[in-house]
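Novice: Structure supplied as work28.json; contents: JSON, C-alpha atoms.
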[["chain", "number", "residue", "atom", "x", "y", "z"],
["W", 203, "MET", "CA", 24.35, 15.17, 28.60],
["W", 204, "THR", "CA", 23.86, 11.44, 28.08],
["W", 205, "THR", "CA", 26.60, 9.33, 29.68],
["W", 206, "PHE", "CA", 28.22, 6.12, 28.47],
["W", 207, "LYS", "CA", 26.63, 4.32, 31.45],
["W", 208, "GLU", "CA", 23.16, 5.45, 30.38],
["W", 209, "ILE", "CA", 23.77, 4.25, 26.82],
["W", 210, "ARG", "CA", 25.46, 0.92, 27.62],
["W", 211, "GLY", "CA", 24.13, 0.26, 31.11],
["W", 212, "THR", "CA", 27.64, 0.00, 32.55],
["W", 213, "ALA", "CA", 30.35, 2.41, 33.62],
["W", 214, "ILE", "CA", 33.71, 2.62, 31.85],
["W", 215, "GLN", "CA", 35.93, 0.10, 33.63],
["W", 216, "SER", "CA", 39.53, 0.69, 34.64],
["W", 217, "VAL", "CA", 41.63, -2.40, 33.85],
["W", 218, "SER", "CA", 45.34, -3.16, 33.88],
["W", 219, "THR", "CA", 45.21, -5.15, 30.61],
["W", 220, "ASP", "CA", 42.95, -4.94, 27.56],
["W", 221, "PRO", "CA", 39.99, -7.38, 27.54],
["W", 222, "THR", "CA", 40.67, -10.64, 25.68],
["W", 223, "ASN", "CA", 37.27, -10.75, 23.98],
["W", 224, "PRO", "CA", 35.76, -7.26, 24.00],
["W", 225, "GLU", "CA", 32.28, -6.54, 22.68],
["W", 226, "THR", "CA", 31.66, -4.21, 19.73],
["W", 227, "GLY", "CA", 31.39, -0.67, 21.12],
["W", 228, "GLN", "CA", 32.97, -1.54, 24.47],
["W", 229, "ILE", "CA", 35.15, 1.18, 26.04],
["W", 230, "TRP", "CA", 37.65, 0.80, 28.88],
["W", 231, "TYR", "CA", 40.54, 2.64, 30.55],
["W", 232, "ASN", "CA", 43.89, 0.79, 30.52],
["W", 233, "SER", "CA", 45.60, 1.95, 33.74],
["W", 234, "THR", "CA", 48.93, 0.40, 32.69],
["W", 235, "THR", "CA", 49.23, 2.43, 29.48],
["W", 236, "ALA", "CA", 47.07, 5.33, 30.78],
["W", 237, "GLN", "CA", 44.92, 5.14, 27.64],
["W", 238, "LEU", "CA", 41.18, 5.20, 27.00],
["W", 239, "LYS", "CA", 40.44, 2.41, 24.52],
["W", 240, "GLY", "CA", 37.51, 0.99, 22.61],
["W", 241, "TYR", "CA", 36.62, -1.94, 20.35],
["W", 242, "GLN", "CA", 35.35, -0.44, 17.12],
["W", 243, "THR", "CA", 35.62, -0.58, 13.36],
["W", 244, "GLY", "CA", 38.76, 0.98, 11.93],
["W", 245, "GLY", "CA", 42.09, 0.28, 10.31],
["W", 246, "VAL", "CA", 45.68, -0.02, 11.49],
["W", 247, "TRP", "CA", 49.05, -0.22, 9.75],
["W", 248, "ALA", "CA", 51.78, -2.71, 10.72],
["W", 249, "SER", "CA", 55.34, -3.13, 9.44],
["W", 250, "GLY", "CA", 56.04, -5.62, 6.66],
["W", 251, "GLY", "CA", 59.30, -6.70, 5.01],
["W", 252, "ASN", "CA", 61.48, -4.10, 3.30],
["W", 253, "LEU", "CA", 61.90, -3.91, -0.45],
["W", 254, "GLY", "CA", 65.26, -5.22, -1.63],
["W", 255, "THR", "CA", 65.95, -1.79, -3.14],
["W", 256, "ALA", "CA", 64.70, 1.54, -1.79],
["W", 257, "ARG", "CA", 62.95, 3.47, -4.55],
["W", 258, "ARG", "CA", 60.18, 5.89, -5.38],
["W", 259, "SER", "CA", 57.70, 6.49, -8.25],
["W", 260, "LEU", "CA", 57.17, 2.74, -8.72],
["W", 261, "ALA", "CA", 54.01, 0.86, -9.67],
["W", 262, "GLY", "CA", 52.26, -1.87, -7.72],
["W", 263, "CYS", "CA", 49.51, -4.46, -8.06],
["W", 264, "GLY", "CA", 48.31, -7.72, -6.57],
["W", 265, "THR", "CA", 47.31, -8.38, -2.97],
["W", 266, "GLN", "CA", 48.74, -7.87, 0.51],
["W", 267, "THR", "CA", 50.18, -11.40, 0.58],
["W", 268, "VAL", "CA", 50.90, -11.82, -3.16],
["W", 269, "GLY", "CA", 52.06, -8.37, -4.25],
["W", 270, "LEU", "CA", 54.19, -6.96, -7.06],
["W", 271, "GLY", "CA", 56.31, -3.80, -7.26],
["W", 272, "PHE", "CA", 58.08, -2.70, -10.45],
["W", 273, "GLY", "CA", 59.92, 0.18, -12.07],
["W", 274, "GLY", "CA", 60.56, 3.45, -10.29],
["W", 275, "TYR", "CA", 63.51, 5.69, -9.50],
["W", 276, "ILE", "CA", 66.59, 4.94, -7.39],
["W", 277, "THR", "CA", 68.65, 7.91, -6.19],
["W", 278, "GLY", "CA", 72.14, 7.76, -7.64],
["W", 279, "THR", "CA", 71.06, 5.23, -10.28],
["W", 280, "GLY", "CA", 68.02, 6.69, -12.02],
["W", 281, "ALA", "CA", 65.07, 4.84, -13.54],
["W", 282, "THR", "CA", 65.05, 1.11, -12.84],
["W", 283, "THR", "CA", 63.73, -2.07, -14.46],
["W", 284, "ALA", "CA", 63.72, -3.94, -11.12],
["W", 285, "THR", "CA", 60.70, -6.07, -10.20],
["W", 286, "GLU", "CA", 60.06, -7.48, -6.73],
["W", 287, "GLU", "CA", 57.49, -10.02, -5.50],
["W", 288, "TYR", "CA", 55.97, -9.99, -2.00],
["W", 289, "ASP", "CA", 54.73, -13.08, -0.16],
["W", 290, "GLY", "CA", 53.23, -11.32, 2.84],
["W", 291, "SER", "CA", 56.56, -11.32, 4.67],
["W", 292, "THR", "CA", 59.50, -10.73, 2.34],
["W", 293, "TRP", "CA", 60.27, -9.28, -1.08],
["W", 294, "THR", "CA", 62.29, -11.30, -3.63],
["W", 295, "ALA", "CA", 63.61, -10.34, -7.04],
["W", 296, "GLY", "CA", 61.45, -11.06, -10.08],
["W", 297, "GLY", "CA", 62.19, -10.65, -13.77],
["W", 298, "ALA", "CA", 63.45, -7.22, -14.86],
["W", 299, "MET", "CA", 61.30, -5.00, -17.08],
["W", 300, "THR", "CA", 62.56, -4.38, -20.60],
["W", 301, "THR", "CA", 62.25, -0.59, -20.28],
["W", 302, "ALA", "CA", 63.36, 1.30, -17.17],
["W", 303, "ARG", "CA", 60.89, 4.02, -16.24],
["W", 304, "THR", "CA", 59.38, 6.05, -13.45],
["W", 305, "PHE", "CA", 55.83, 7.20, -12.63],
["W", 306, "LEU", "CA", 54.22, 4.31, -14.54],
["W", 307, "GLY", "CA", 50.82, 2.70, -14.11],
["W", 308, "GLY", "CA", 50.12, -0.87, -13.06],
["W", 309, "ALA", "CA", 47.30, -3.42, -13.09],
["W", 310, "GLY", "CA", 46.71, -7.10, -12.44],
["W", 311, "THR", "CA", 48.24, -9.67, -10.11],
["W", 312, "GLN", "CA", 51.70, -10.89, -9.17],
["W", 313, "THR", "CA", 51.68, -13.52, -11.93],
["W", 314, "VAL", "CA", 49.53, -11.76, -14.55],
["W", 315, "ALA", "CA", 50.42, -8.05, -14.49],
["W", 316, "ALA", "CA", 50.64, -5.07, -16.82],
["W", 317, "GLY", "CA", 52.89, -2.01, -16.57],
["W", 318, "PHE", "CA", 52.22, 0.97, -18.84],
["W", 319, "GLY", "CA", 53.27, 4.52, -19.53],
["W", 320, "GLY", "CA", 55.85, 6.27, -17.38],
["W", 321, "PHE", "CA", 58.79, 8.60, -17.89],
["W", 322, "VAL", "CA", 61.98, 7.68, -19.75],
["W", 323, "GLY", "CA", 63.30, 11.17, -20.51],
["W", 324, "THR", "CA", 59.96, 11.81, -22.14],
["W", 325, "ALA", "CA", 56.44, 10.44, -21.75],
["W", 326, "SER", "CA", 56.34, 6.74, -22.64],
["W", 327, "ASN", "CA", 53.54, 4.77, -24.31],
["W", 328, "VAL", "CA", 55.18, 1.39, -23.72],
["W", 329, "THR", "CA", 53.18, -1.48, -22.22],
["W", 330, "GLU", "CA", 54.73, -4.62, -20.78],
["W", 331, "GLU", "CA", 53.09, -7.81, -19.51],
["W", 332, "TYR", "CA", 54.40, -9.99, -16.66],
["W", 333, "ASN", "CA", 53.77, -13.74, -16.34],
["W", 334, "GLY", "CA", 55.29, -14.25, -12.90],
["W", 335, "THR", "CA", 58.77, -14.75, -14.36],
["W", 336, "ALA", "CA", 59.44, -12.38, -17.25],
["W", 337, "TRP", "CA", 58.15, -9.22, -18.92],
["W", 338, "THR", "CA", 57.21, -9.16, -22.61],
["W", 339, "ALA", "CA", 56.01, -6.37, -24.90],
["W", 340, "GLY", "CA", 52.31, -5.54, -25.04],
["W", 341, "GLY", "CA", 50.44, -3.06, -27.21],
["W", 342, "ASN", "CA", 51.52, 0.57, -26.98],
["W", 343, "MET", "CA", 49.19, 3.15, -25.44],
["W", 344, "GLY", "CA", 47.63, 5.64, -27.84],
["W", 345, "THR", "CA", 49.15, 8.54, -25.88],
["W", 346, "GLY", "CA", 52.34, 8.22, -23.87],
["W", 347, "ARG", "CA", 52.16, 9.75, -20.40],
["W", 348, "TYR", "CA", 53.59, 9.53, -16.90],
["W", 349, "LEU", "CA", 52.10, 10.06, -13.42],
["W", 350, "VAL", "CA", 49.24, 8.01, -14.86],
["W", 351, "GLY", "CA", 46.54, 6.25, -12.83],
["W", 352, "GLY", "CA", 45.87, 2.56, -13.37],
["W", 353, "CYS", "CA", 43.65, -0.31, -12.27],
["W", 354, "GLY", "CA", 42.06, -3.51, -13.53],
["W", 355, "THR", "CA", 43.72, -6.66, -14.85],
["W", 356, "GLN", "CA", 46.33, -7.51, -17.48],
["W", 357, "THR", "CA", 43.66, -8.27, -20.08],
["W", 358, "SER", "CA", 41.22, -5.57, -18.95],
["W", 359, "ALA", "CA", 43.26, -2.62, -17.71],
["W", 360, "LEU", "CA", 42.43, 1.06, -17.38],
["W", 361, "ALA", "CA", 44.84, 4.01, -17.67],
["W", 362, "PHE", "CA", 43.67, 7.55, -16.87],
["W", 363, "GLY", "CA", 45.04, 11.03, -16.34],
["W", 364, "GLY", "CA", 48.78, 11.69, -16.34],
["W", 365, "GLU", "CA", 51.13, 14.10, -18.06],
["W", 366, "ALA", "CA", 52.51, 14.46, -21.57],
["W", 367, "VAL", "CA", 53.64, 18.09, -21.97],
["W", 368, "THR", "CA", 50.38, 19.06, -20.25],
["W", 369, "ILE", "CA", 48.20, 17.41, -17.61],
["W", 370, "ARG", "CA", 45.69, 15.10, -19.31],
["W", 371, "ALA", "CA", 42.14, 13.87, -18.77],
["W", 372, "LEU", "CA", 42.58, 10.97, -21.20],
["W", 373, "THR", "CA", 41.35, 7.47, -20.42],
["W", 374, "GLU", "CA", 42.41, 4.35, -22.32],
["W", 375, "GLU", "CA", 41.20, 0.76, -22.03],
["W", 376, "TYR", "CA", 43.43, -2.29, -22.64],
["W", 377, "ASP", "CA", 42.20, -5.72, -23.73],
["W", 378, "GLY", "CA", 45.51, -7.54, -23.40],
["W", 379, "THR", "CA", 46.50, -6.66, -26.97],
["W", 380, "SER", "CA", 45.65, -3.06, -27.76],
["W", 381, "TRP", "CA", 44.49, 0.18, -26.17],
["W", 382, "THR", "CA", 41.33, 2.07, -27.18],
["W", 383, "ALA", "CA", 40.00, 5.45, -26.08],
["W", 384, "GLY", "CA", 37.58, 5.59, -23.14],
["W", 385, "GLY", "CA", 35.68, 8.48, -21.60],
["W", 386, "ALA", "CA", 37.77, 11.42, -20.40],
["W", 387, "LEU", "CA", 38.09, 12.35, -16.74],
["W", 388, "THR", "CA", 35.95, 15.33, -15.76],
["W", 389, "THR", "CA", 39.06, 16.99, -14.34],
["W", 390, "ALA", "CA", 42.47, 16.57, -15.98],
["W", 391, "ARG", "CA", 45.11, 15.55, -13.45],
["W", 392, "SER", "CA", 48.39, 13.74, -12.89],
["W", 393, "GLY", "CA", 49.67, 11.78, -9.91],
["W", 394, "ILE", "CA", 46.19, 10.28, -9.54],
["W", 395, "ALA", "CA", 45.53, 7.01, -7.69],
["W", 396, "GLY", "CA", 43.23, 4.26, -8.93],
["W", 397, "ALA", "CA", 41.18, 1.31, -7.70],
["W", 398, "GLY", "CA", 38.67, -1.15, -9.09],
["W", 399, "THR", "CA", 38.19, -2.67, -12.54],
["W", 400, "GLN", "CA", 38.05, -1.41, -16.11],
["W", 401, "THR", "CA", 34.26, -1.03, -15.99],
["W", 402, "VAL", "CA", 33.82, -0.14, -12.31],
["W", 403, "ALA", "CA", 36.79, 2.08, -11.52],
["W", 404, "LEU", "CA", 37.72, 4.85, -9.12],
["W", 405, "GLY", "CA", 40.21, 7.70, -9.59],
["W", 406, "PHE", "CA", 41.11, 10.01, -6.69],
["W", 407, "GLY", "CA", 43.49, 12.81, -5.79],
["W", 408, "GLY", "CA", 46.25, 14.12, -8.02],
["W", 409, "TYR", "CA", 47.60, 17.41, -9.33],
["W", 410, "ILE", "CA", 45.52, 19.76, -11.44],
["W", 411, "SER", "CA", 48.55, 22.04, -11.89],
["W", 412, "SER", "CA", 52.20, 21.87, -10.86],
["W", 413, "THR", "CA", 51.35, 23.20, -7.39],
["W", 414, "VAL", "CA", 47.63, 22.57, -6.88],
["W", 415, "ARG", "CA", 46.47, 19.23, -5.51],
["W", 416, "THR", "CA", 42.89, 18.01, -5.57],
["W", 417, "ALA", "CA", 40.66, 15.95, -3.26],
["W", 418, "ALA", "CA", 38.26, 15.11, -6.10],
["W", 419, "THR", "CA", 37.08, 11.55, -6.68],
["W", 420, "GLU", "CA", 35.61, 10.23, -9.93],
["W", 421, "GLU", "CA", 33.81, 6.97, -10.68],
["W", 422, "TYR", "CA", 34.00, 5.18, -14.06],
["W", 423, "ASP", "CA", 31.28, 2.90, -15.45],
["W", 424, "GLY", "CA", 33.15, 1.67, -18.51],
["W", 425, "THR", "CA", 31.99, 4.63, -20.59],
["W", 426, "SER", "CA", 32.12, 7.86, -18.61],
["W", 427, "TRP", "CA", 33.39, 9.39, -15.37],
["W", 428, "THR", "CA", 31.09, 11.02, -12.79],
["W", 429, "ALA", "CA", 31.84, 12.82, -9.54],
["W", 430, "GLY", "CA", 32.13, 10.88, -6.29],
["W", 431, "GLY", "CA", 32.70, 12.17, -2.76],
["W", 432, "ASN", "CA", 35.78, 14.30, -2.16],
["W", 433, "MET", "CA", 38.64, 13.05, 0.01],
["W", 434, "ASN", "CA", 39.19, 14.89, 3.28],
["W", 435, "THR", "CA", 42.81, 15.66, 2.34],
["W", 436, "ALA", "CA", 43.79, 16.90, -1.12],
["W", 437, "ARG", "CA", 47.01, 15.24, -2.34],
["W", 438, "GLY", "CA", 48.90, 13.87, -5.30],
["W", 439, "THR", "CA", 51.28, 10.95, -5.94],
["W", 440, "LEU", "CA", 49.39, 8.90, -3.34],
["W", 441, "GLY", "CA", 48.81, 5.16, -3.06],
["W", 442, "GLY", "CA", 45.51, 3.44, -3.76],
["W", 443, "ALA", "CA", 43.88, 0.03, -3.41],
["W", 444, "GLY", "CA", 40.50, -1.69, -3.39],
["W", 445, "THR", "CA", 37.33, -1.25, -5.43],
["W", 446, "GLN", "CA", 35.01, 1.54, -6.48],
["W", 447, "THR", "CA", 32.81, 1.04, -3.42],
["W", 448, "ALA", "CA", 35.51, -0.01, -0.94],
["W", 449, "ALA", "CA", 38.71, 1.91, -1.68],
["W", 450, "LEU", "CA", 41.78, 2.87, 0.32],
["W", 451, "ALA", "CA", 43.87, 6.03, -0.16],
["W", 452, "PHE", "CA", 47.18, 6.51, 1.67],
["W", 453, "GLY", "CA", 50.19, 8.79, 1.73],
["W", 454, "GLY", "CA", 50.99, 11.28, -0.99],
["W", 455, "ASN", "CA", 52.07, 14.90, -1.17],
["W", 456, "SER", "CA", 49.77, 17.46, 0.44],
["W", 457, "SER", "CA", 50.47, 21.19, 0.56],
["W", 458, "GLY", "CA", 54.05, 20.61, -0.54],
["W", 459, "ALA", "CA", 54.91, 18.03, 2.12],
["W", 460, "VAL", "CA", 54.64, 14.27, 2.37],
["W", 461, "THR", "CA", 51.64, 12.98, 4.30],
["W", 462, "ALA", "CA", 50.74, 9.80, 6.18],
["W", 463, "VAL", "CA", 46.98, 10.34, 5.91],
["W", 464, "THR", "CA", 44.85, 7.27, 5.21],
["W", 465, "GLU", "CA", 41.20, 7.33, 4.14],
["W", 466, "GLU", "CA", 38.56, 4.70, 3.32],
["W", 467, "TYR", "CA", 35.85, 5.16, 0.65],
["W", 468, "ASN", "CA", 32.45, 3.44, 0.86],
["W", 469, "GLY", "CA", 31.17, 4.39, -2.58],
["W", 470, "THR", "CA", 29.83, 7.73, -1.35],
["W", 471, "SER", "CA", 32.20, 9.37, 1.12],
["W", 472, "TRP", "CA", 35.71, 9.13, 2.57],
["W", 473, "THR", "CA", 36.47, 8.48, 6.25],
["W", 474, "SER", "CA", 39.80, 9.27, 7.92],
["W", 475, "GLU", "CA", 41.60, 6.27, 9.39],
["W", 476, "THR", "CA", 44.90, 5.55, 11.16],
["W", 477, "ASN", "CA", 47.89, 7.21, 9.50],
["W", 478, "LEU", "CA", 50.74, 5.36, 7.86],
["W", 479, "THR", "CA", 53.69, 4.96, 10.24],
["W", 480, "THR", "CA", 55.95, 6.59, 7.63],
["W", 481, "ALA", "CA", 54.64, 9.63, 5.77],
["W", 482, "ARG", "CA", 55.64, 9.45, 2.09],
["W", 483, "SER", "CA", 54.68, 10.18, -1.49],
["W", 484, "GLN", "CA", 55.38, 8.44, -4.82],
["W", 485, "LEU", "CA", 54.73, 5.06, -3.16],
["W", 486, "GLY", "CA", 53.46, 1.77, -4.50],
["W", 487, "GLY", "CA", 50.09, 0.38, -3.49],
["W", 488, "ALA", "CA", 48.23, -2.92, -3.75],
["W", 489, "GLY", "CA", 45.54, -5.02, -2.08],
["W", 490, "THR", "CA", 42.08, -4.21, -0.81],
["W", 491, "GLN", "CA", 40.45, -1.78, 1.59],
["W", 492, "THR", "CA", 40.61, -4.32, 4.41],
["W", 493, "ALA", "CA", 44.04, -5.71, 3.50],
["W", 494, "GLY", "CA", 46.14, -2.99, 1.88],
["W", 495, "LEU", "CA", 49.83, -2.80, 1.06],
["W", 496, "ALA", "CA", 52.05, 0.32, 0.90],
["W", 497, "PHE", "CA", 55.71, 0.11, -0.14],
["W", 498, "GLY", "CA", 58.63, 2.26, -1.16],
["W", 499, "GLY", "CA", 58.23, 5.95, -1.86],
["W", 500, "LEU", "CA", 59.85, 9.25, -0.95],
["W", 501, "THR", "CA", 60.17, 10.94, 2.43],
["W", 502, "THR", "CA", 63.15, 13.24, 1.97],
["W", 503, "VAL", "CA", 65.00, 10.18, 0.64],
["W", 504, "ASP", "CA", 63.96, 6.98, -1.12],
["W", 505, "VAL", "CA", 62.58, 4.40, 1.32],
["W", 506, "ALA", "CA", 62.29, 0.60, 1.19],
["W", 507, "ASN", "CA", 59.88, 0.00, 4.04],
["W", 508, "THR", "CA", 56.55, -1.79, 3.60],
["W", 509, "GLU", "CA", 53.38, -1.36, 5.64],
["W", 510, "GLU", "CA", 50.35, -3.64, 5.77],
["W", 511, "TYR", "CA", 46.86, -2.29, 6.47],
["W", 512, "THR", "CA", 44.14, -4.26, 8.23],
["W", 513, "SER", "CA", 40.62, -2.88, 8.59],
["W", 514, "GLY", "CA", 37.74, -4.21, 10.65],
["W", 515, "LEU", "CA", 36.92, -4.46, 14.34],
["W", 516, "GLN", "CA", 40.00, -3.31, 16.23],
["W", 517, "THR", "CA", 41.07, -2.32, 19.73],
["W", 518, "ARG", "CA", 41.83, 1.37, 19.25],
["W", 519, "VAL", "CA", 43.06, 4.23, 21.43],
["W", 520, "ILE", "CA", 40.39, 6.89, 21.90],
["W", 521, "LYS", "CA", 41.78, 10.41, 21.81],
["W", 522, "VAL", "CA", 39.98, 12.90, 24.05],
["W", 523, "SER", "CA", 40.43, 16.54, 23.10]]
Can the structure from this file be put into structure tokens for me?

Specialist:
Amino acid sequence: MTTFKEIRGTAIQSVSTDPTNPETGQIWYNSTTAQLKGYQTGGVWASGGNLGTARRSLAGCGTQTVGLGFGGYITGTGATTATEEYDGSTWTAGGAMTTARTFLGGAGTQTVAAGFGGFVGTASNVTEEYNGTAWTAGGNMGTGRYLVGGCGTQTSALAFGGEAVTIRALTEEYDGTSWTAGGALTTARSGIAGAGTQTVALGFGGYISSTVRTAATEEYDGTSWTAGGNMNTARGTLGGAGTQTAALAFGGNSSGAVTAVTEEYNGTSWTSETNLTTARSQLGGAGTQTAGLAFGGLTTVDVANTEEYTSGLQTRVIKVS
């Protein structure tokens, strides 16, 4: 068997503190923490500021340092119109939505956002647009639905999948004024996550029935959906961020229980990364693959906590089984 010394030309060192400037691929044993560590590509989650109001089934958009969360469900209150803005440290109240709803889709940025669909006692087709201060009415979707996937911008948004009596494969494209039909998903599903733009989009995970979750990924080219690489963990009501070729999937409901699983997509396949600190489903997501944001959601109760994801070269603990 080839040893690390034969590969790198050095033995694994035992040190009391982690190296200040490690080299890519370097491995060492930290005698203080009794951990084998290495400097390698990967992602880690860190705590951010809590939402002002704990809630689940909300939508999100924007970036890790300029994020937006809106709508959702608050236990004891029901569907909410509340909007909150994140500055990379704290959440502050923004303008309330006109229509309270849960399980809606979102697209855009903190100051130019769109919220669409959702559940208000029935499937909603309502679209609202945010300007950084207030929400105003946009064009209604052709088909109202909840648990819908979304991505893109306020003037070039994409809505796909969801439920309206039955689980749907429908895709609709928004131009800032009206929605038009796009190509249908290959597999109808609800609770699907999205990433990317209207013409270069990614949809992943979701429910294909009330109890069956999928790991399937589909890629959209502005006209039709085609199969991408499957996730390692099938789940629904998960969070998503990034682009079609650099996406991030996190949390969700897998096998009837909330999960903390995080995966990165490179345009072909998914790789497992460091888990969320708090396992949850029905959470909001925003940002990119290298700078993601997860907030709110459901454990066994509504939660307010936020986590920030950073991917790249990291000092990581190496688990030896």

Novice: Which stretch 414-476 of chain W residues have any atom within 10 Å of an atom of stretch 229-247 of chain W, and for each, what is the nearest pair of atoms with distance in Å to one decimal, counting all atoms listed in the file, rows sorted by chain and number, as CSV?

Specialist:
residue,atom,partner,partner_atom,distance
W:Thr464,CA,W:Gly245,CA,9.1
W:Glu465,CA,W:Gly245,CA,9.4
W:Glu466,CA,W:Gly245,CA,9.0
W:Thr473,CA,W:Gly244,CA,9.7
W:Ser474,CA,W:Gly244,CA,9.3
W:Glu475,CA,W:Gly245,CA,6.1
W:Thr476,CA,W:Val246,CA,5.6

Novice: Work out how far atom CA of W:Ala386 is from atom CA of W:Gly430, in Å to one decimal.

Specialist: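 For atom CA of W:Gly430 relative to atom CA of W:Ala386, the distance reads 15.2 Å.
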
Novice: If we count all atoms listed in the file, what is near W:Thr492 at a cut-off of 12 Å, once residues fewer than 4 positions away on the same chain are taken out, given as a PyMOL selection string?

Specialist: chain W and resi 243-247+265-266+443-445+448-451+465-468+475+488+510-516

Novice: Provide the atom CA of W:Leu253 to atom CA of W:Gly498 distance in Å, to one decimal place.

Specialist: 7.0 Å

Novice: If you measure from atom CA of W:Asn333 to atom CA of W:Ala316, what distance in Å do you get, rounded to one decimal?

Specialist: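 About the pair atom CA of W:Asn333 and atom CA of W:Ala316: they are 9.2 Å apart.
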
Novice: Quick one: residues within 9 Å of (54.0, 13.2, 9.0) (file frame), counting all atoms listed in the file, please, as a PyMOL selection string.

Specialist: chain W and resi 459-463+477-482

Novice: May I have the residues within 9 Å of W:Cys353 as a list in words, using only C-alpha atoms and disregarding those fewer than 5 positions away in the same chain?

Specialist: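 The residues satisfying every condition are Cys263, Gly307, Gly308, Ala309, Gly310, Ser358, Ala359, Leu360, Ala361, Ala395, Gly396, Ala397, Gly398, Thr399, Gln400, Ala403, Leu404 and Ala443 of chain W.
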
Novice: From the list W:Gly458, W:Gly251, W:Gly438, W:Gly317, which residue is nearest W:Ala339 when using all atoms listed in the file?

Specialist: W:Gly317

Novice: Any idea what's packed within 6 Å of W:Glu331, counting all atoms listed in the file, ignoring anything in its chain fewer than 5 positions away? Could you give it as a PyMOL selection string?

Specialist: chain W and resi 315-316+337-338

Novice: May I have the protein, DNA and RNA residues with an atom at most 9 Å from (60.3, 13.9, -3.3), counting only C-alpha atoms in the file's coordinates, returned as a PyMOL selection string?

Specialist: chain W and resi 258+455+459-460+482-484+499-504

Novice: Could you give me, as a PyMOL selection string, the residues within 7 Å of W:Phe406, counting all atoms listed in the file and dropping anything in the same chain fewer than 3 positions from it?

Specialist: chain W and resi 394-396+417-420

Novice: So which one's closest to W:Asp377, W:Ala298, W:Leu349, W:Met343, W:Leu306? Using all atoms listed in the file, please.

Specialist: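 Closest to W:Asp377, using all atoms listed in the file: W:Met343.
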
Novice: With only C-alpha atoms as the basis for distance, which of W:Phe318, W:Tyr409, W:Phe305, W:Phe272 is at the shortest distance from W:Trp293?

Specialist: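 Between W:Phe318, W:Tyr409, W:Phe305, W:Phe272, the residue approaching W:Trp293 most closely is W:Phe272.
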
Novice: Considering all atoms listed in the file, can you say which of W:Ile520, W:Leu440, W:Val217, W:Ala366 comes closest to W:Phe497?

Specialist: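 Ranked by minimum distance to W:Phe497, first place goes to W:Leu440.
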
Novice: Compare W:Thr447, W:Gln215, W:Ser259, W:Thr279 by their minimum atom-to-atom distance to W:Tyr348, counting all atoms listed in the file, and give me the closest one.

Specialist: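 Of W:Thr447, W:Gln215, W:Ser259, W:Thr279, the one nearest W:Tyr348, counting all atoms listed in the file, is W:Ser259.
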
Novice: With 4 Å on each side, where is the centre of the axis-aligned box around all listed atoms of stretch 360-371 of chain W, and how long are its edges in Å to one decimal, as JSON?

Specialist:
{"center_x": 47.9, "center_y": 10.1, "center_z": -19.2, "size_x": 19.5, "size_y": 26.0, "size_z": 13.6}

Novice: Find, counting all atoms listed in the file, the residue in W:Ala383, W:Ala506, W:Leu372, W:Ala302 that gets nearest to W:Tyr275.

Specialist: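 Among W:Ala383, W:Ala506, W:Leu372, W:Ala302, it is W:Ala302 that comes nearest to W:Tyr275.
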
Novice: When you look at W:Trp427 with a cut-off of 8 Å (counting only C-alpha atoms), what residues show up, excluding the ones that are within fewer than 4 positions of it in the same chain? I need them as a CSV table (one decimal) with C-alpha atoms, in the coordinates of the input.

Specialist:
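Everything below was put into around-v2.csv:
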chain,number,residue,atom,x,y,z
W,385,GLY,CA,35.7,8.5,-21.6
W,386,ALA,CA,37.8,11.4,-20.4
W,387,LEU,CA,38.1,12.4,-16.7
W,388,THR,CA,36.0,15.3,-15.8
W,420,GLU,CA,35.6,10.2,-9.9
W,421,GLU,CA,33.8,7.0,-10.7
W,422,TYR,CA,34.0,5.2,-14.1
W,423,ASP,CA,31.3,2.9,-15.4
